[in-house]
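Some notes on the structure that comes next.
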Amino acid sequence: MSCSTCALTVNKFLEKRGLQNIRVSLASGDVSFENPGDLDKKSLQKGIQDLGYTVVGEEAPATVRRPMNKHLKRFLFCLPFTLALLLHMVGVELLMLPWVQLVICLPVFVTGMLFFGRSAVKSLLNGLPNMNVLIAIGSAAAFVYSLTGTLFGLGPQYLFYETAASIITIVFFGYYLEDASVEATQRSLRQLARTQKLTATMIAFDDEHQEVLFPVESTQLRSGDLILVRAGEEVPADARILWGEAGVDESILTGESLPVEKKGKDSIIGGSVLVSGTVKAQVTAAADATVMAGIVRMVRQAQGEKPPIQRLADRISAVFVPVVLVLAALTFAGNYWYDHAVAPALMRTIAVLVIACPCAMGLATPAAISVGLGRGARKGILFRNARHLEAFSNIRQVVFDKTGTLTTGEFAVSQWRLHPDAGISPDQFKEIVFSLEKYSGHPIAKSITREWKFSPGGQRGAIRWQKVEEVKGLGMRGETKEGDIYWAGSYKVAAGLSSEDTHNVYIVGNNRLLGWIDVRDKVRQEAAGVVSWLHERGIHTVLLSGDRQKTCQDVASVLGIQEVLAEQSPEEKLQQVTRLTAEMATAMVGDGINDAPALARATIGISMSDASKLAVQTADVVLMGNGLQQLPAALGLGRHTFSTIRWNLFWAFSYNVVAIPVAAFGLLTPAVAALAMGFSDVVLAANSLRLYAKKLV
């Protein structure tokens with residue numbers, strides 16, 4: 001597709017065929033839709049090809065060569081003929097002969113009409129004229145006018161073969177530059193897509209049960225296959241390590257440059273790189289179900305979405321070509337009425353036709369979105385929809401869940417007390433606690449045993465229980481050979497022994513309170529810096545949690561969060577987010593599962609997700625790998641992308657508002673107009689590419 005009206009043409013055709021939820025991305029060339037009527041794909045493909053477009057297939061379109069090279073070949077073919085025609089302007093007598101100019105111009109004109117003319121006719125038959133209509137009419141007008149002068153010997157004032165050739169040649173060059181620019185905006189996505197197809201070393205077994213290694217394409221791997229990955233190699237698919245240890249570079253997913261140490265049973269992600277070590281692993285997902293494939297699909301889907309700011313540009317693009325044709329007709333009539341000369345009026349009309357550029361308006365948003373989404377994907381920031389890039393520009397409030405968002409979800413012992421009448425030493429107390437809690441799978445129990453596993457002299461001794469069990473709703477109960485009974489559990493096990501009900505774990509031995517333990521959820525190291533960054537930019541912060549008021553208040557005090565809403569059920573969370581969103585544009589950051597309704601109700605729902613899960617389906621934005629650390633970058637990327645879109649649209653509109661009158665008054669030749677039209681798209685792409693270098697935080 002070469003312009004925004006191409007995308008609109010394809011969209012309109014698919015709508016007529018009854019398809020739904022259609023997304024056509026001019027920047028990437030991707031088209032997606034829902035097919036409720038189960039229409040035959042071959043008939044749809046033929047219909048699109050009848051419109052003048054080439055369907056390259058469904059497999060990894062990012063790896064298919066775009067038509068950039070074809071435009072370059074056409075340009076290089078036309079260039080010598082066009083330069084020869086321009087030589088008559090410096091006094092080469094042979095080239096001043098009309099019939100010689102006709103012969104030289106003819107190959108260029110035929111080449112141009114085979115592309116621009118054919119595309120123009122098909123778009124007119126479809127009822128939605130595209131940019132090539134203007135180019136075809138402009139170059140054809142110059143050629144026919146010149147041919148008339150040649151046939152009837154009307155003199156050199158009728159010869160504009162060089163104009164016809166220059167328009168075609170320069171527009172081919174402009175299309176080449178446009179394609180090259182669009183390819184540059186797709187750079188990050190292509191880099192991600194390339195990781196989906198590489199050579200893997202598969203492990204099999206021969207008749208004697210000996211390992212045999214052989215190479216296969218990663219796209220052939222299936223869940224359950226065994227693979228060998230050596231240092232320096234890319235991981236070919238999502239897998240779980242069975243043997244070996246390695247340092248893994250996951251920067252392609254998380255943006256984090258430091259290697260992550262992996263060992264047996266750990267997951268490794270397709271597309272990451274082993275910087276050290278060798279592992280044998282079992283594939284956990286086929287090529288089309290890997291984390292990387294999911295990321296690529298998510299980014300492509302988001303590229304096909306249109307943010308609200310693009311709707312005005314689309315409406316203008318839909319009527320742009322007919323309006324320009326009317327303006328061209330008025331230009332010819334006005335200039336002829338003023339000068340009473342056909343040649344100047346025709347040249348100015350051709351200049352208007354050629355310089356008008358709906359492509360700029362059509363590319364303004366897709367180019368910026370492609371760069372923004374691509375950079376986000378490389379940093380581990382995934383946008384499910386392009387609309388949310390725009391929505392970030394209005395965020396004035398951020399709501400945080402507590403557990404797993406501001407905190408790590410890992411507990412640590414904050415304080416403990418031995419009862420004065422316990423009759424045991426602190427080491428004995430810890431020994432009893434460790435011996436009971438090591439049999440529990442509860443997160444609090446695990447955190448205690450992890451911290452109290454070792455005594456100063458080595459590994460802590462453990463009591464051998466005659467019987468140990470976990471009693472639902474109470475805690476762990478252990479009985480020794482001597483008949484002593486110990487409990488480690490909630491306040492219920494000590495209800496008659498203490499009036500304090502604020503501690504996490506109570507230890508009771510033979511119906512006597514031995515002591516209690518409090519734990520705290522570890523606050524993420526980056527959380528305070530993120531909250532401070534938000535406050536510096538005037539963004540209000542709220543802690544919304546189902547946890548106790550005191551616990552939430554403590555976390556809020558440590559981080560400096562301005563408002564606390566504690567002890568909220570999922571239904572109450574939804575109500576609170578609805579209220580807050582009604583007051584101002586609100587982003588909510590949560591775990592994406594328990595907070596799913598609230599995430600969906602916020603202006604933007606943001607989830608932090610383990611890359612091996614990509615769990616969040618309700619969130620609008622997923623922060624992968626680095627937790628809250630990426631939130632400022634996500635906000636910055638959204639704002640910079642929206643700012644780029646606005647500047648692109650301003651340039652696109654301004655270009656046409658200024659350029660068309662300038663051409664109509666004869667201040668530009670058609671050749672210069674063609675060059676200006678081509679470079680207008682390059683300016684937009686260059687402005688969009690600045691997003692790669694923008695400082696986000």
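Chains: A, B, ... in order of the structure tokens. Residues: from 1 per chain. Ligands: from 1, in order shown.
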- [ ] Write out as a PyMOL selection string all residues of stretch 442-564 of chain A that backbone DSSP assigns to strand (DSSP E or B).
- [x] chain A and resi 454-455+458-459+467-471+475-479+485-489+505-509+512-523+540-544+563-564
Open item on the list: Set the distance at 7 Å and use only C-alpha atoms: which residues neighbour A:Phe400 once local chain neighbours fewer than 5 positions away are removed? I'd like the list as a PyMOL selection string.
Closed with: chain A and resi 405+542-544+588-590
- [ ] For A:Lys472, please output as a list in words all residues within 12 Å (counting only C-alpha atoms; exclusion window: fewer than 2 positions along the same chain).
- [x] Ser440, His442, Glu469, Glu470, Leu474, Gly475, Met476, Arg477, Gly489, Ser490, Lys492 and Val493 of chain A
Task: stretch 548-555 of chain A surroundings by only C-alpha atoms, 7 Å radius, close-in-sequence under 4 positions cut, as number ranges by chain - done: A: 559, 564, 566-567
Task: Nearest to A:Ile539 by atom-to-atom distance, counting only C-alpha atoms, from A:Ile395, A:Leu628, A:Ala488, A:Ala671 - done: A:Ile395
TODO: Among the residues of stretch 557-599 of chain A, find those DSSP assigns to alpha helix (DSSP H) from the backbone and print them as a PyMOL selection string.
DONE: chain A and resi 557-559+570-583+596-599
- [ ] Please provide the set of residues having any atom within 6 Å of A:Gln568, restricted to only C-alpha atoms, with same-chain residues fewer than 4 positions apart removed, written as a list in words.
- [x]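 Close residues of A:Gln568: Ser545, Gly546, Glu572 and Lys573 of chain A.
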TODO: Would you mind listing what lies within 12 Å of A:Glu437 as a ChimeraX atom specification, with only C-alpha atoms counted and same-chain residues fewer than 3 positions away left out?
DONE: /A:430-434,440-453,462-463,468-470,475-478,486-489,505-507
So that I have them on file, write out the residues from the current selection with C-alpha atoms, as a PDB file, in the first residue's frame.
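Dumped everything to result31.pdb:
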ATOM      1  CA  LYS A 430      13.150 -20.523  66.588  1.00  0.00           C
ATOM      2  CA  GLU A 431      13.754 -24.276  66.472  1.00  0.00           C
ATOM      3  CA  ILE A 432      10.085 -24.995  67.284  1.00  0.00           C
ATOM      4  CA  VAL A 433       8.891 -22.461  64.693  1.00  0.00           C
ATOM      5  CA  PHE A 434      11.230 -23.770  61.988  1.00  0.00           C
ATOM      6  CA  SER A 440       3.671 -25.584  55.428  1.00  0.00           C
ATOM      7  CA  GLY A 441       3.311 -24.231  51.910  1.00  0.00           C
ATOM      8  CA  HIS A 442       1.948 -20.865  53.066  1.00  0.00           C
ATOM      9  CA  PRO A 443       4.015 -17.850  51.849  1.00  0.00           C
ATOM     10  CA  ILE A 444       4.424 -16.523  55.389  1.00  0.00           C
ATOM     11  CA  ALA A 445       5.636 -19.908  56.632  1.00  0.00           C
ATOM     12  CA  LYS A 446       8.093 -20.151  53.746  1.00  0.00           C
ATOM     13  CA  SER A 447       9.527 -16.710  54.507  1.00  0.00           C
ATOM     14  CA  ILE A 448      10.068 -17.633  58.167  1.00  0.00           C
ATOM     15  CA  THR A 449      11.794 -20.940  57.415  1.00  0.00           C
ATOM     16  CA  ARG A 450      13.951 -19.250  54.778  1.00  0.00           C
ATOM     17  CA  GLU A 451      15.220 -16.694  57.328  1.00  0.00           C
ATOM     18  CA  TRP A 452      15.531 -19.059  60.306  1.00  0.00           C
ATOM     19  CA  LYS A 453      16.953 -22.055  58.466  1.00  0.00           C
ATOM     20  CA  ALA A 462      14.685 -29.689  63.658  1.00  0.00           C
ATOM     21  CA  ILE A 463      12.360 -31.415  66.088  1.00  0.00           C
ATOM     22  CA  VAL A 468       2.602 -33.111  62.177  1.00  0.00           C
ATOM     23  CA  GLU A 469      -0.348 -31.745  60.211  1.00  0.00           C
ATOM     24  CA  GLU A 470      -1.792 -28.563  58.754  1.00  0.00           C
ATOM     25  CA  GLY A 475      -2.165 -23.425  61.174  1.00  0.00           C
ATOM     26  CA  MET A 476       0.440 -26.129  61.748  1.00  0.00           C
ATOM     27  CA  ARG A 477       0.122 -28.638  64.626  1.00  0.00           C
ATOM     28  CA  GLY A 478       2.967 -30.891  65.784  1.00  0.00           C
ATOM     29  CA  TYR A 486       2.834 -27.241  69.581  1.00  0.00           C
ATOM     30  CA  TRP A 487       0.948 -24.862  67.269  1.00  0.00           C
ATOM     31  CA  ALA A 488       2.104 -22.223  64.789  1.00  0.00           C
ATOM     32  CA  GLY A 489      -0.907 -20.419  63.395  1.00  0.00           C
ATOM     33  CA  VAL A 505       1.822 -15.946  63.614  1.00  0.00           C
ATOM     34  CA  TYR A 506       1.289 -17.171  67.195  1.00  0.00           C
ATOM     35  CA  ILE A 507       3.331 -20.013  68.732  1.00  0.00           C
TER      36      ILE A 507
END
TODO: Extract, using only C-alpha atoms, all DNA, RNA and protein residues at most 10 Å from A:Val279, discarding same-chain residues fewer than 3 positions from it, and format them as a PyMOL selection string.
DONE: chain A and resi 227-231+240-246+262-264+274+276+282
Only N, CA and C atoms, please: the residues just picked out, written as an mmCIF file, in the first residue's frame.
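Output (selection.cif):
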data_model
loop_
_atom_site.group_PDB
_atom_site.id
_atom_site.type_symbol
_atom_site.label_atom_id
_atom_site.label_comp_id
_atom_site.auth_asym_id
_atom_site.auth_seq_id
_atom_site.Cartn_x
_atom_site.Cartn_y
_atom_site.Cartn_z
ATOM 1 N N ILE A 227 15.835 -29.752 23.593
ATOM 2 C CA ILE A 227 16.782 -28.943 22.832
ATOM 3 C C ILE A 227 18.057 -28.719 23.643
ATOM 4 N N LEU A 228 19.126 -28.458 22.926
ATOM 5 C CA LEU A 228 20.404 -28.095 23.529
ATOM 6 C C LEU A 228 20.727 -26.660 23.130
ATOM 7 N N VAL A 229 21.052 -25.837 24.111
ATOM 8 C CA VAL A 229 21.399 -24.438 23.840
ATOM 9 C C VAL A 229 22.760 -24.163 24.468
ATOM 10 N N ARG A 230 23.701 -23.692 23.634
ATOM 11 C CA ARG A 230 25.061 -23.435 24.093
ATOM 12 C C ARG A 230 25.273 -21.934 24.289
ATOM 13 N N ALA A 231 26.370 -21.600 24.962
ATOM 14 C CA ALA A 231 26.727 -20.195 25.180
ATOM 15 C C ALA A 231 26.853 -19.476 23.839
ATOM 16 N N ARG A 240 11.898 -25.035 29.479
ATOM 17 C CA ARG A 240 12.246 -25.181 30.893
ATOM 18 C C ARG A 240 13.531 -25.985 30.985
ATOM 19 N N ILE A 241 14.487 -25.476 31.768
ATOM 20 C CA ILE A 241 15.798 -26.120 31.879
ATOM 21 C C ILE A 241 15.679 -27.450 32.626
ATOM 22 N N LEU A 242 16.226 -28.514 32.025
ATOM 23 C CA LEU A 242 16.278 -29.833 32.658
ATOM 24 C C LEU A 242 17.658 -30.110 33.244
ATOM 25 N N TRP A 243 18.681 -29.584 32.587
ATOM 26 C CA TRP A 243 20.060 -29.825 33.031
ATOM 27 C C TRP A 243 20.903 -28.621 32.674
ATOM 28 N N GLY A 244 21.802 -28.247 33.609
ATOM 29 C CA GLY A 244 22.747 -27.180 33.334
ATOM 30 C C GLY A 244 22.349 -25.849 33.950
ATOM 31 N N GLU A 245 23.290 -24.940 33.947
ATOM 32 C CA GLU A 245 23.076 -23.580 34.436
ATOM 33 C C GLU A 245 23.617 -22.608 33.399
ATOM 34 N N ALA A 246 23.036 -21.418 33.359
ATOM 35 C CA ALA A 246 23.458 -20.454 32.337
ATOM 36 C C ALA A 246 23.123 -19.035 32.774
ATOM 37 N N LYS A 262 20.163 -18.635 35.434
ATOM 38 C CA LYS A 262 19.115 -19.648 35.333
ATOM 39 C C LYS A 262 19.697 -21.014 35.677
ATOM 40 N N LYS A 263 18.859 -21.846 36.343
ATOM 41 C CA LYS A 263 19.286 -23.204 36.692
ATOM 42 C C LYS A 263 18.133 -24.165 36.430
ATOM 43 N N GLY A 264 18.288 -25.410 36.855
ATOM 44 C CA GLY A 264 17.282 -26.429 36.619
ATOM 45 C C GLY A 264 15.890 -26.009 37.059
ATOM 46 N N LEU A 274 21.932 -16.989 25.533
ATOM 47 C CA LEU A 274 22.801 -17.525 26.578
ATOM 48 C C LEU A 274 24.172 -16.866 26.466
ATOM 49 N N SER A 276 26.477 -17.350 28.888
ATOM 50 C CA SER A 276 27.418 -18.296 29.485
ATOM 51 C C SER A 276 26.682 -19.587 29.801
ATOM 52 N N GLN A 282 13.479 -28.479 27.877
ATOM 53 C CA GLN A 282 12.281 -29.031 27.238
ATOM 54 C C GLN A 282 11.401 -27.884 26.772
#
